Every structure is written in structure tokens, then in C-alpha cells.
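Coordinates from work.txt are shown below (compact mmCIF, C-alpha atoms).
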```
# COMPACT_ATOMS: atom_id res chain seq x y z
CA MET A 1 0.00 0.00 0.00
CA LYS A 2 2.84 2.39 0.81
CA THR A 3 4.35 1.79 -2.64
CA GLN A 4 0.96 2.39 -4.30
CA LEU A 5 0.46 5.65 -2.43
CA MET A 6 3.95 6.80 -3.38
CA MET A 7 3.16 6.00 -7.02
CA LEU A 8 -0.07 8.00 -6.81
CA GLY A 9 1.83 10.96 -5.38
CA VAL A 10 4.39 10.88 -8.18
CA VAL A 11 1.72 10.60 -10.89
CA ALA A 12 -0.40 13.35 -9.37
CA SER A 13 2.49 15.77 -8.93
CA LEU A 14 3.77 15.23 -12.47
CA LEU A 15 0.30 15.64 -13.96
CA ALA A 16 -0.20 18.85 -12.01
CA ALA A 17 3.20 20.23 -12.99
CA CYS A 18 2.87 19.36 -16.66
CA GLY A 19 -0.63 20.66 -17.24
CA GLY A 20 -2.61 17.44 -17.35
CA GLU A 21 -4.33 18.10 -14.03
CA GLY A 22 -5.01 21.08 -11.83
CA ALA A 23 -3.86 21.60 -8.29
CA ASN A 24 -6.76 19.71 -6.69
CA GLY A 25 -5.54 16.15 -7.16
CA PRO A 26 -4.66 13.88 -4.22
CA THR A 27 -1.20 13.68 -2.77
CA SER A 28 0.72 10.66 -1.63
CA SER A 29 -1.00 10.86 1.77
CA SER A 30 -4.48 10.40 0.22
CA SER A 31 -6.37 7.21 0.89
CA SER A 32 -7.15 5.00 -2.08
CA SER A 33 -9.68 2.24 -2.67
CA SER A 34 -8.37 1.49 -6.15
CA SER A 35 -6.38 -1.25 -7.72
CA SER A 36 -3.27 -0.38 -9.68
CA SER A 37 -3.65 -1.24 -13.36
CA SER A 38 0.02 -1.41 -14.21
CA SER A 39 0.97 -4.08 -16.71
CA SER A 40 -2.43 -5.63 -17.39
CA SER A 41 -0.97 -6.58 -20.75
CA SER A 42 2.55 -7.77 -21.41
CA SER A 43 5.41 -5.62 -22.55
CA SER A 44 6.55 -7.75 -25.46
CA SER A 45 9.40 -6.65 -27.63
CA SER A 46 7.08 -5.29 -30.34
CA SER A 47 5.67 -2.62 -28.05
CA SER A 48 7.69 0.49 -28.66
CA SER A 49 10.21 1.38 -31.28
CA SER A 50 10.90 4.86 -29.98
CA SER A 51 13.43 5.95 -32.56
CA SER A 52 11.30 8.87 -33.74
CA SER A 53 10.09 10.01 -30.34
CA SER A 54 12.77 12.61 -29.74
CA SER A 55 11.77 14.72 -32.72
CA SER A 56 8.12 14.73 -31.73
CA SER A 57 8.76 15.69 -28.13
CA SER A 58 11.27 18.42 -28.87
CA SER A 59 9.48 20.06 -31.78
CA SER A 60 5.89 20.21 -30.64
CA SER A 61 5.50 18.86 -27.17
CA SER A 62 7.13 21.26 -24.76
CA SER A 63 5.05 22.40 -21.79
CA SER A 64 3.52 25.84 -22.16
CA SER A 65 3.35 26.56 -18.44
CA GLY A 66 6.77 28.16 -18.29
CA ASN A 67 7.61 26.25 -15.10
CA ALA A 68 11.06 24.72 -14.76
CA VAL A 69 9.74 21.20 -14.21
CA ASN A 70 11.23 18.01 -15.57
CA CYS A 71 8.04 16.82 -17.26
CA PRO A 72 8.05 13.39 -18.94
CA LEU A 73 7.31 14.54 -22.48
CA ASN A 74 9.04 11.88 -24.55
CA LEU A 75 6.84 9.80 -26.81
CA GLU A 76 6.79 6.12 -25.93
CA GLY A 77 5.11 3.15 -27.49
CA PHE A 78 3.27 2.47 -30.70
CA ALA A 79 2.75 6.08 -31.80
CA SER A 80 6.52 6.29 -32.20
CA VAL A 81 6.71 3.37 -34.62
CA THR A 82 7.48 3.91 -38.31
CA ALA A 83 4.67 2.26 -40.24
CA LEU A 84 1.98 2.99 -42.85
CA GLU A 85 4.37 5.41 -44.55
CA GLN A 86 4.48 7.54 -41.39
CA ASN A 87 7.70 8.09 -39.44
CA GLY A 88 6.38 8.25 -35.88
CA THR A 89 4.15 11.02 -34.56
CA TYR A 90 5.29 14.64 -34.48
CA GLY A 91 2.04 16.51 -35.12
CA GLY A 92 2.26 19.94 -36.71
CA ALA A 93 6.02 20.29 -36.31
CA GLY A 94 7.41 22.30 -39.21
CA GLY A 95 4.13 24.07 -39.79
CA GLU A 96 2.98 27.49 -38.65
CA THR A 97 2.24 28.04 -34.96
CA VAL A 98 -1.07 29.81 -34.28
CA THR A 99 -2.88 30.77 -31.09
CA VAL A 100 -6.67 30.42 -30.95
CA THR A 101 -9.17 31.80 -28.45
CA ASN A 102 -12.49 30.97 -30.13
CA PHE A 103 -14.32 28.07 -31.72
CA ALA A 104 -14.24 29.36 -35.30
CA ASP A 105 -10.45 29.69 -35.39
CA LEU A 106 -9.90 26.36 -33.65
CA LYS A 107 -12.11 24.60 -36.20
CA ARG A 108 -10.52 26.40 -39.13
CA TYR A 109 -6.94 25.50 -38.25
CA ALA A 110 -7.67 21.99 -36.92
CA SER A 111 -9.44 21.00 -40.14
CA ALA A 112 -6.94 22.66 -42.50
CA VAL A 113 -4.88 20.66 -44.96
CA LYS A 114 -1.57 22.26 -43.94
CA PRO A 115 0.32 21.29 -40.76
CA TYR A 116 -0.25 23.54 -37.74
CA VAL A 117 0.75 23.78 -34.12
CA ILE A 118 -2.46 25.15 -32.59
CA ARG A 119 -2.17 26.75 -29.15
CA VAL A 120 -5.47 26.89 -27.26
CA ASP A 121 -5.40 29.96 -25.02
CA GLY A 122 -8.21 29.91 -22.45
CA ALA A 123 -11.54 28.09 -22.47
CA ILE A 124 -13.25 27.58 -25.83
CA THR A 125 -16.93 26.71 -25.51
CA TYR A 126 -18.51 24.95 -28.49
CA PRO A 127 -21.70 26.63 -29.75
CA ASN A 128 -23.38 23.28 -30.45
CA LYS A 129 -23.11 20.95 -27.48
CA GLY A 130 -21.46 17.66 -28.33
CA GLU A 131 -19.96 18.77 -31.64
CA GLU A 132 -16.65 17.16 -32.51
CA ILE A 133 -14.27 19.19 -34.65
CA ARG A 134 -12.91 17.09 -37.50
CA VAL A 135 -9.14 17.20 -37.12
CA ALA A 136 -6.99 16.76 -40.23
CA SER A 137 -3.56 15.14 -40.36
CA ASP A 138 -0.35 16.83 -39.20
CA LYS A 139 -1.71 18.81 -36.27
CA THR A 140 -0.60 19.56 -32.74
CA ILE A 141 -3.40 20.93 -30.56
CA ILE A 142 -1.94 22.08 -27.24
CA GLY A 143 -3.22 24.11 -24.32
CA VAL A 144 -1.41 27.27 -23.24
CA GLY A 145 -0.35 27.05 -19.61
CA THR A 146 -3.02 25.50 -17.40
CA GLY A 147 -5.98 27.34 -18.93
CA GLY A 148 -6.51 25.60 -22.28
CA GLU A 149 -10.01 24.08 -22.21
CA ILE A 150 -12.43 22.52 -24.67
CA VAL A 151 -15.92 22.92 -23.22
CA LYS A 152 -19.08 21.06 -24.34
CA GLY A 153 -17.39 19.43 -27.34
CA GLY A 154 -14.48 17.36 -28.54
CA PHE A 155 -12.46 16.16 -31.53
CA PHE A 156 -13.07 13.58 -34.26
CA LEU A 157 -10.25 11.92 -36.20
CA GLY A 158 -11.63 10.06 -39.20
CA ALA A 159 -10.36 7.43 -41.61
CA GLY A 160 -6.80 8.02 -42.72
CA VAL A 161 -6.13 10.91 -40.37
CA HIS A 162 -2.63 10.54 -38.99
CA ASN A 163 0.17 12.31 -37.16
CA VAL A 164 -1.90 14.20 -34.58
CA ILE A 165 -0.91 15.25 -31.07
CA ILE A 166 -3.52 16.43 -28.53
CA ARG A 167 -1.90 17.74 -25.37
CA ASN A 168 -2.28 19.81 -22.22
CA LEU A 169 -6.03 20.43 -22.51
CA THR A 170 -9.01 20.03 -20.22
CA ILE A 171 -11.81 18.54 -22.33
CA ARG A 172 -15.05 18.67 -20.40
CA ASP A 173 -18.78 18.99 -19.90
CA SER A 174 -20.77 17.65 -22.83
CA PHE A 175 -22.64 15.45 -20.35
CA VAL A 176 -26.38 15.20 -20.94
CA GLU A 177 -28.25 15.56 -17.65
CA GLY A 178 -30.11 12.39 -16.76
CA ASP A 179 -28.22 10.24 -19.29
CA TRP A 180 -25.46 8.69 -17.20
CA ASP A 181 -25.31 5.71 -19.59
CA GLY A 182 -24.75 7.90 -22.68
CA LYS A 183 -27.62 6.25 -24.55
CA THR A 184 -29.01 9.41 -26.16
CA ASN A 185 -25.82 10.87 -27.59
CA ASP A 186 -22.37 10.18 -29.01
CA TYR A 187 -20.59 13.16 -27.47
CA ASP A 188 -16.99 12.00 -27.03
CA GLY A 189 -13.91 13.85 -25.88
CA VAL A 190 -11.77 12.34 -28.63
CA GLN A 191 -13.17 9.83 -31.12
CA MET A 192 -10.88 8.10 -33.59
CA ASP A 193 -12.22 5.99 -36.47
CA THR A 194 -9.50 4.23 -38.52
CA ALA A 195 -6.89 6.87 -37.69
CA HIS A 196 -3.22 6.12 -37.05
CA HIS A 197 -0.19 7.63 -35.35
CA ILE A 198 -2.05 9.60 -32.70
CA TRP A 199 -0.60 10.80 -29.38
CA ILE A 200 -2.99 11.91 -26.62
CA ASP A 201 -0.91 13.26 -23.76
CA HIS A 202 -1.23 15.26 -20.53
CA ASN A 203 -4.93 16.08 -20.81
CA HIS A 204 -7.82 16.00 -18.36
CA PHE A 205 -11.04 14.45 -19.70
CA THR A 206 -14.16 14.73 -17.56
CA ARG A 207 -17.96 14.73 -17.66
CA MET A 208 -18.49 14.07 -21.35
CA GLY A 209 -21.69 12.74 -22.91
CA ASP A 210 -20.61 9.31 -24.18
CA GLY A 211 -16.93 8.30 -24.06
CA LEU A 212 -13.99 10.31 -22.79
CA ILE A 213 -11.80 8.59 -25.40
CA ASP A 214 -13.06 6.18 -28.07
CA SER A 215 -10.53 4.39 -30.28
CA ARG A 216 -12.57 2.70 -32.99
CA LYS A 217 -12.52 0.82 -36.27
CA ASP A 218 -8.88 -0.31 -36.37
CA THR A 219 -7.32 2.93 -35.15
CA THR A 220 -3.68 1.98 -34.59
CA PHE A 221 -0.22 3.20 -33.65
CA LEU A 222 -1.80 5.09 -30.76
CA THR A 223 -0.21 6.27 -27.53
CA VAL A 224 -2.36 7.59 -24.66
CA SER A 225 -0.14 8.88 -21.85
CA TRP A 226 -0.19 10.95 -18.68
CA ASN A 227 -3.88 11.85 -18.83
CA VAL A 228 -6.50 12.20 -16.12
CA LEU A 229 -9.86 10.61 -16.94
CA SER A 230 -12.45 11.35 -14.28
CA ALA A 231 -16.10 11.54 -13.21
CA HIS A 232 -17.50 9.41 -16.01
CA ASN A 233 -19.30 6.20 -16.92
CA LYS A 234 -17.84 4.84 -20.20
CA THR A 235 -14.26 5.98 -19.79
CA PHE A 236 -12.13 4.63 -22.64
CA GLY A 237 -13.60 2.29 -25.24
CA ILE A 238 -11.50 0.46 -27.83
CA GLY A 239 -12.82 -1.68 -30.67
CA TRP A 240 -15.94 -1.42 -32.87
CA THR A 241 -14.33 -3.81 -35.37
CA GLU A 242 -14.06 -7.52 -36.12
CA ASN A 243 -10.43 -7.14 -37.20
CA VAL A 244 -7.58 -7.81 -34.78
CA THR A 245 -4.89 -5.48 -36.14
CA ALA A 246 -4.69 -2.40 -33.89
CA GLU A 247 -1.62 -1.68 -31.77
CA MET A 248 -1.54 0.83 -28.94
CA THR A 249 0.24 1.90 -25.78
CA ILE A 250 -1.60 3.23 -22.71
CA HIS A 251 0.63 4.36 -19.88
CA HIS A 252 0.79 6.62 -16.83
CA ASN A 253 -2.88 7.60 -16.91
CA TRP A 254 -4.95 8.33 -13.81
CA LEU A 255 -8.52 7.03 -14.04
CA ARG A 256 -10.58 8.14 -11.05
CA ASP A 257 -14.24 8.14 -10.08
CA THR A 258 -15.17 6.23 -13.23
CA HIS A 259 -17.44 3.26 -13.86
CA GLN A 260 -16.59 1.02 -16.83
CA ARG A 261 -14.23 0.76 -19.83
CA ASN A 262 -11.09 1.58 -17.88
CA PRO A 263 -10.24 0.76 -20.69
CA ALA A 264 -12.17 -1.99 -22.49
CA VAL A 265 -9.78 -3.42 -25.09
CA ASP A 266 -11.80 -5.17 -27.79
CA ASN A 267 -10.14 -6.86 -30.79
CA VAL A 268 -6.67 -5.33 -30.47
CA LEU A 269 -3.54 -7.17 -31.61
CA HIS A 270 -1.19 -5.53 -29.09
CA ALA A 271 -2.37 -3.36 -26.21
CA HIS A 272 0.45 -2.47 -23.84
CA LEU A 273 -0.79 -0.99 -20.56
CA TYR A 274 1.59 0.02 -17.80
CA ASN A 275 1.77 2.32 -14.79
CA ASN A 276 -1.88 3.38 -14.97
CA TRP A 277 -3.64 4.28 -11.74
CA LEU A 278 -7.27 3.21 -11.33
CA GLN A 279 -8.99 4.86 -8.36
CA ARG A 280 -12.56 4.43 -7.14
CA ALA A 281 -13.87 2.58 -10.20
CA THR A 282 -17.37 1.24 -9.56
CA SER A 283 -17.32 -1.50 -12.21
CA TYR A 284 -14.48 -3.32 -13.98
CA GLY A 285 -10.99 -2.04 -14.65
CA ASN A 286 -8.85 -3.06 -17.66
CA HIS A 287 -10.76 -5.59 -19.76
CA ALA A 288 -9.20 -7.51 -22.66
CA ARG A 289 -12.05 -9.10 -24.59
CA SER A 290 -13.19 -10.63 -27.88
CA GLY A 291 -10.13 -11.26 -30.08
CA THR A 292 -7.60 -9.38 -27.95
CA PRO A 293 -4.86 -11.89 -27.01
CA HIS A 294 -4.38 -12.05 -23.26
CA GLY A 295 -0.75 -11.35 -22.46
CA ALA A 296 0.09 -10.53 -26.07
```
Rewrite the structure of this file - the entire thing - as C-alpha cells.
Amino acid sequence: MKTQLMMLGVVASLLAACGGEGANGPTSSSSSSSSSSSSSSSSSSSSSSSSSSSSSSSSSSSSSSGNAVNCPLNLEGFASVTALEQNGTYGGAGGETVTVTNFADLKRYASAVKPYVIRVDGAITYPNKGEEIRVASDKTIIGVGTGGEIVKGGFFLGAGVHNVIIRNLTIRDSFVEGDWDGKTNDYDGVQMDTAHHIWIDHNHFTRMGDGLIDSRKDTTFLTVSWNVLSAHNKTFGIGWTENVTAEMTIHHNWLRDTHQRNPAVDNVLHAHLYNNWLQRATSYGNHARSGTPHGA
């Protein structure tokens, strides 16, 4: 228990320092009723060719808070792999850097053909609750400091979209009152359908309508790292396919006050989960099901 509490303290302090969580998270002295979800899948040798991770972290992944903190910003796992004619994941590196403060500009740059590093400065509230901006390839969408927020909406990455980084944002509050099960809507924080080379890092997802993160329809070469996922029913769903081809890495995430899909890993060839903290889940934790090989 002492080791688990120390781990929670380290995760919480790093998330707070690096923008993925505010200052209200628990410390190492907090009590915990959770089980640790580190290494629910194996770490086989195919998990992470990280040869291209240094370019992605240095070019488009630096913290915007201005604090001198040694944040773990290096890309690990499957999003770093060279495959499908894509050399790792580096987002909008090499493209123009723009700062957005409203929905129209965020949508315009996120859906543009050209690469962009898009800095979200302050809270951007979507005019239509539950809308998901369609993000095009070669984008970094990153919050400025600790105030970058996406409110009442999310992002959609469709078929063929690749090389996208989403970082340092709070994505929140598309929840439909009275619909805890998310039966009346499909309002996700980030939904990916047949996308590849995606890195979701140092964000806080909370109180969305359907899923906080949905990785669907053979989305692959995905890394989800150092996020907080909280106050939700269907936390992180993976699958919606009969194929068993997807490969992904899920590490150092803090899932708290959630119910199910923490995550649910359905029909994935390799899902490498390590050093995730599951706290106060009211249903199941990590769940490898259907065609997902156990221990593969």
C-alpha cells in the first residue's frame, strides 16, 4: 500500500506540474480504494520502437506553463513506430504556430490541410453541445499554460487521419443531464475511427456525454499517456471492429471516479498498458475481450 500511495503521489504531482491536471488532485497521503492497473498486458518486444520520439517531443511537445519542471514529455510506445508510410508522430512540427481563443479559429486550423501547431489559449466553448471538430492530419493541438479548455465538445479523427498530437487540454462537460449511460448521444472527448499515429498526452477528460476517449474501427499506432480521466461512466472504449490489427500503448494515466471501460480493449492485436492508476472505479478495470490476445 505504501508503494501504491507513493506512485499515486508521483503521478499526481507530475500531472499537475505538466498541465494534465489542476492543483486539486490527491497527494501521496491520500487514501485509495483502487487497484493499480500497471501491466495488465505484457510488454513484449514489439511494443515500442521509440526511434522517432525525440523529434516529436522536442518540436511540438514542450510544456507551455513556463515552469522549470522536468516533465516526462518523450513519446513512448506504438505512436513512435514507423509504419503505414508515417515516421512516428510529431504533429504539426514544421508548420505554422497559431494561437486560438475561439471556436471558429480552432475549427478552421484543426481541419486545414496544412500542418499547424495550434495553441489553445483559455476556455473555448462549443456553440453546439457535443460537436466534434474534424481534425486533419499533421496537427498539434496544445493548451497554453493551465488554462486551455475545450468545453461542451471534442475532436473527431476520421479514416486516414494521422500524425496528430492532442496535449495539455481540459476537455469537459458535454454530459447530458439524466443520461449517465450515454444512450441518447455520441458526445466523445476524442473519437478516432481508422486513424493512425495519434498521441494523446497530458490532458484532463471529464464529464463528457458518451466516451472520454473512443478508439474505434482499427485505429492503430496510438499512444495515450499521462492523462486524467475522471467523473464518467464509459471511460475509454476500444474496438468497434471484427479485425484484430490495432496496436496501442496506454501508460501513466490516472482514471478516477469512473465506472466502466477503464479501458475496455476489444479486438486489439497488441495493447500495452503500464503504470496506470485506477482509483474508485465502480465496475471493472482493464478488460481484454473478444479477439484481444491475453498477455500478447
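The spacing separating CA of Phe78 in chain A from CA of Glu247 in chain A amounts to 6.5 Å.
Here CA of Met248 in chain A is placed at a distance of 21.0 Å from CA of Gly92 in chain A.
Nearest-residue note for Val98 in chain A: choosing from A:Leu75, A:Val164, A:Ile238, A:Ile142, the minimum distance belongs to A:Ile142, counting all atoms listed in the file.
Minimum atom-to-atom distances from A:Ala281, A:Ala79, A:Ala271, A:Ile133 to Asn233 in chain A were compared using only C-alpha atoms, and the lowest value belongs to A:Ala281.
The point (-0.4, 9.9, -23.4) has these residues within 9 Å of it, counting only C-alpha atoms: Leu75, Glu76, Ile166, Arg167, Trp199, Ile200, Asp201, His202, Asn203, Leu222, Thr223, Val224, Ser225, Trp226, Asn227, Thr249, Ile250, His251, His252 and Asn253 of chain A.
For Asp181 in chain A, the non-local neighbours within 10 Å, defined as residues at least 2 positions apart in the same chain or in other chains and counting only C-alpha atoms, are Val176, Gly178, Asp179, Lys183, Thr184, Asn185, Gly209, Asp210, Gly211, His232, Asn233 and Lys234 of chain A.
Of the listed residues (A:Gly130, A:Leu84, A:Ile171, A:Asp257), A:Leu84 comes nearest to Ala195 in chain A; the distances count only C-alpha atoms.
Of note, CA of Gly95 in chain A and CA of Arg134 in chain A are spaced 18.6 Å apart.
In this comparison, which uses all atoms listed in the file, the residue of A:Ala123, A:Ala231, A:Ala83, A:Ala110 approaching Val135 in chain A most closely is A:Ala110.
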If the box runs along x, y and z of the file and leaves 8 Å on each side of range 164-182 of chain A, what are its centre and edge lengths in Å, one decimal, as lines of an AutoDock Vina configuration file?
```
center_x = -15.5
center_y = 13.1
center_z = -25.7
size_x = 45.2
size_y = 30.7
size_z = 33.8
```
When you get a chance, write out all heavy atoms for range 100-111 of chain A, as a PDB file, in the frame of the given file.
```
ATOM      1  N   VAL A 100      -5.230  30.242 -30.759  1.00  0.00           N
ATOM      2  CA  VAL A 100      -6.670  30.420 -30.950  1.00  0.00           C
ATOM      3  C   VAL A 100      -7.352  30.663 -29.607  1.00  0.00           C
ATOM      4  O   VAL A 100      -6.943  30.113 -28.586  1.00  0.00           O
ATOM      5  CB  VAL A 100      -7.303  29.213 -31.658  1.00  0.00           C
ATOM      6  CG1 VAL A 100      -6.688  29.027 -33.039  1.00  0.00           C
ATOM      7  CG2 VAL A 100      -7.147  27.936 -30.841  1.00  0.00           C
ATOM      8  N   THR A 101      -8.404  31.483 -29.653  1.00  0.00           N
ATOM      9  CA  THR A 101      -9.170  31.800 -28.450  1.00  0.00           C
ATOM     10  C   THR A 101     -10.664  31.615 -28.665  1.00  0.00           C
ATOM     11  O   THR A 101     -11.446  31.900 -27.763  1.00  0.00           O
ATOM     12  CB  THR A 101      -8.911  33.253 -28.007  1.00  0.00           C
ATOM     13  OG1 THR A 101      -9.280  34.136 -29.085  1.00  0.00           O
ATOM     14  CG2 THR A 101      -7.440  33.470 -27.653  1.00  0.00           C
ATOM     15  N   ASN A 102     -11.062  31.146 -29.852  1.00  0.00           N
ATOM     16  CA  ASN A 102     -12.490  30.970 -30.130  1.00  0.00           C
ATOM     17  C   ASN A 102     -12.708  29.739 -30.988  1.00  0.00           C
ATOM     18  O   ASN A 102     -11.784  29.209 -31.619  1.00  0.00           O
ATOM     19  CB  ASN A 102     -13.067  32.224 -30.804  1.00  0.00           C
ATOM     20  CG  ASN A 102     -12.396  32.529 -32.127  1.00  0.00           C
ATOM     21  OD1 ASN A 102     -12.592  31.839 -33.129  1.00  0.00           O
ATOM     22  ND2 ASN A 102     -11.560  33.572 -32.148  1.00  0.00           N
ATOM     23  N   PHE A 103     -13.962  29.298 -31.028  1.00  0.00           N
ATOM     24  CA  PHE A 103     -14.320  28.070 -31.720  1.00  0.00           C
ATOM     25  C   PHE A 103     -14.039  28.147 -33.219  1.00  0.00           C
ATOM     26  O   PHE A 103     -13.521  27.198 -33.814  1.00  0.00           O
ATOM     27  CB  PHE A 103     -15.803  27.763 -31.473  1.00  0.00           C
ATOM     28  CG  PHE A 103     -16.313  26.588 -32.248  1.00  0.00           C
ATOM     29  CD1 PHE A 103     -16.082  25.301 -31.809  1.00  0.00           C
ATOM     30  CD2 PHE A 103     -17.041  26.779 -33.412  1.00  0.00           C
ATOM     31  CE1 PHE A 103     -16.553  24.202 -32.538  1.00  0.00           C
ATOM     32  CE2 PHE A 103     -17.518  25.698 -34.143  1.00  0.00           C
ATOM     33  CZ  PHE A 103     -17.270  24.403 -33.698  1.00  0.00           C
ATOM     34  N   ALA A 104     -14.388  29.243 -33.847  1.00  0.00           N
ATOM     35  CA  ALA A 104     -14.240  29.360 -35.300  1.00  0.00           C
ATOM     36  C   ALA A 104     -12.791  29.187 -35.733  1.00  0.00           C
ATOM     37  O   ALA A 104     -12.493  28.471 -36.705  1.00  0.00           O
ATOM     38  CB  ALA A 104     -14.779  30.703 -35.776  1.00  0.00           C
ATOM     39  N   ASP A 105     -11.867  29.820 -35.023  1.00  0.00           N
ATOM     40  CA  ASP A 105     -10.450  29.690 -35.390  1.00  0.00           C
ATOM     41  C   ASP A 105      -9.920  28.297 -35.096  1.00  0.00           C
ATOM     42  O   ASP A 105      -9.131  27.737 -35.877  1.00  0.00           O
ATOM     43  CB  ASP A 105      -9.625  30.739 -34.648  1.00  0.00           C
ATOM     44  CG  ASP A 105      -9.816  32.147 -35.198  1.00  0.00           C
ATOM     45  OD1 ASP A 105     -10.316  32.272 -36.336  1.00  0.00           O
ATOM     46  OD2 ASP A 105      -9.480  33.121 -34.494  1.00  0.00           O
ATOM     47  N   LEU A 106     -10.334  27.727 -33.964  1.00  0.00           N
ATOM     48  CA  LEU A 106      -9.900  26.360 -33.650  1.00  0.00           C
ATOM     49  C   LEU A 106     -10.347  25.394 -34.742  1.00  0.00           C
ATOM     50  O   LEU A 106      -9.554  24.576 -35.228  1.00  0.00           O
ATOM     51  CB  LEU A 106     -10.481  25.937 -32.301  1.00  0.00           C
ATOM     52  CG  LEU A 106     -10.235  24.488 -31.880  1.00  0.00           C
ATOM     53  CD1 LEU A 106      -8.750  24.183 -31.753  1.00  0.00           C
ATOM     54  CD2 LEU A 106     -10.965  24.178 -30.570  1.00  0.00           C
ATOM     55  N   LYS A 107     -11.591  25.497 -35.161  1.00  0.00           N
ATOM     56  CA  LYS A 107     -12.110  24.600 -36.200  1.00  0.00           C
ATOM     57  C   LYS A 107     -11.403  24.832 -37.527  1.00  0.00           C
ATOM     58  O   LYS A 107     -11.064  23.882 -38.247  1.00  0.00           O
ATOM     59  CB  LYS A 107     -13.618  24.828 -36.339  1.00  0.00           C
ATOM     60  CG  LYS A 107     -14.297  23.870 -37.299  1.00  0.00           C
ATOM     61  CD  LYS A 107     -15.810  24.052 -37.273  1.00  0.00           C
ATOM     62  CE  LYS A 107     -16.510  23.041 -38.168  1.00  0.00           C
ATOM     63  NZ  LYS A 107     -17.995  23.184 -38.088  1.00  0.00           N
ATOM     64  N   ARG A 108     -11.144  26.082 -37.856  1.00  0.00           N
ATOM     65  CA  ARG A 108     -10.520  26.400 -39.130  1.00  0.00           C
ATOM     66  C   ARG A 108      -9.111  25.814 -39.223  1.00  0.00           C
ATOM     67  O   ARG A 108      -8.750  25.186 -40.237  1.00  0.00           O
ATOM     68  CB  ARG A 108     -10.450  27.931 -39.300  1.00  0.00           C
ATOM     69  CG  ARG A 108      -9.708  28.399 -40.552  1.00  0.00           C
ATOM     70  CD  ARG A 108     -10.079  29.835 -40.880  1.00  0.00           C
ATOM     71  NE  ARG A 108      -9.702  30.755 -39.817  1.00  0.00           N
ATOM     72  CZ  ARG A 108      -8.584  31.485 -39.823  1.00  0.00           C
ATOM     73  NH1 ARG A 108      -7.737  31.376 -40.832  1.00  0.00           N
ATOM     74  NH2 ARG A 108      -8.317  32.318 -38.841  1.00  0.00           N
ATOM     75  N   TYR A 109      -8.315  25.992 -38.194  1.00  0.00           N
ATOM     76  CA  TYR A 109      -6.940  25.500 -38.250  1.00  0.00           C
ATOM     77  C   TYR A 109      -6.872  23.982 -38.061  1.00  0.00           C
ATOM     78  O   TYR A 109      -6.055  23.306 -38.704  1.00  0.00           O
ATOM     79  CB  TYR A 109      -6.083  26.203 -37.209  1.00  0.00           C
ATOM     80  CG  TYR A 109      -5.790  27.641 -37.543  1.00  0.00           C
ATOM     81  CD1 TYR A 109      -6.280  28.681 -36.751  1.00  0.00           C
ATOM     82  CD2 TYR A 109      -5.041  27.977 -38.670  1.00  0.00           C
ATOM     83  CE1 TYR A 109      -6.010  30.014 -37.058  1.00  0.00           C
ATOM     84  CE2 TYR A 109      -4.770  29.299 -38.988  1.00  0.00           C
ATOM     85  CZ  TYR A 109      -5.253  30.310 -38.179  1.00  0.00           C
ATOM     86  OH  TYR A 109      -4.999  31.619 -38.497  1.00  0.00           O
ATOM     87  N   ALA A 110      -7.717  23.436 -37.182  1.00  0.00           N
ATOM     88  CA  ALA A 110      -7.670  21.990 -36.920  1.00  0.00           C
ATOM     89  C   ALA A 110      -8.068  21.184 -38.143  1.00  0.00           C
ATOM     90  O   ALA A 110      -7.565  20.074 -38.356  1.00  0.00           O
ATOM     91  CB  ALA A 110      -8.571  21.645 -35.746  1.00  0.00           C
ATOM     92  N   SER A 111      -8.951  21.729 -38.970  1.00  0.00           N
ATOM     93  CA  SER A 111      -9.440  21.000 -40.140  1.00  0.00           C
ATOM     94  C   SER A 111      -8.680  21.350 -41.420  1.00  0.00           C
ATOM     95  O   SER A 111      -8.992  20.820 -42.487  1.00  0.00           O
ATOM     96  CB  SER A 111     -10.929  21.276 -40.342  1.00  0.00           C
ATOM     97  OG  SER A 111     -11.164  22.667 -40.540  1.00  0.00           O
TER      98      SER A 111
END
```
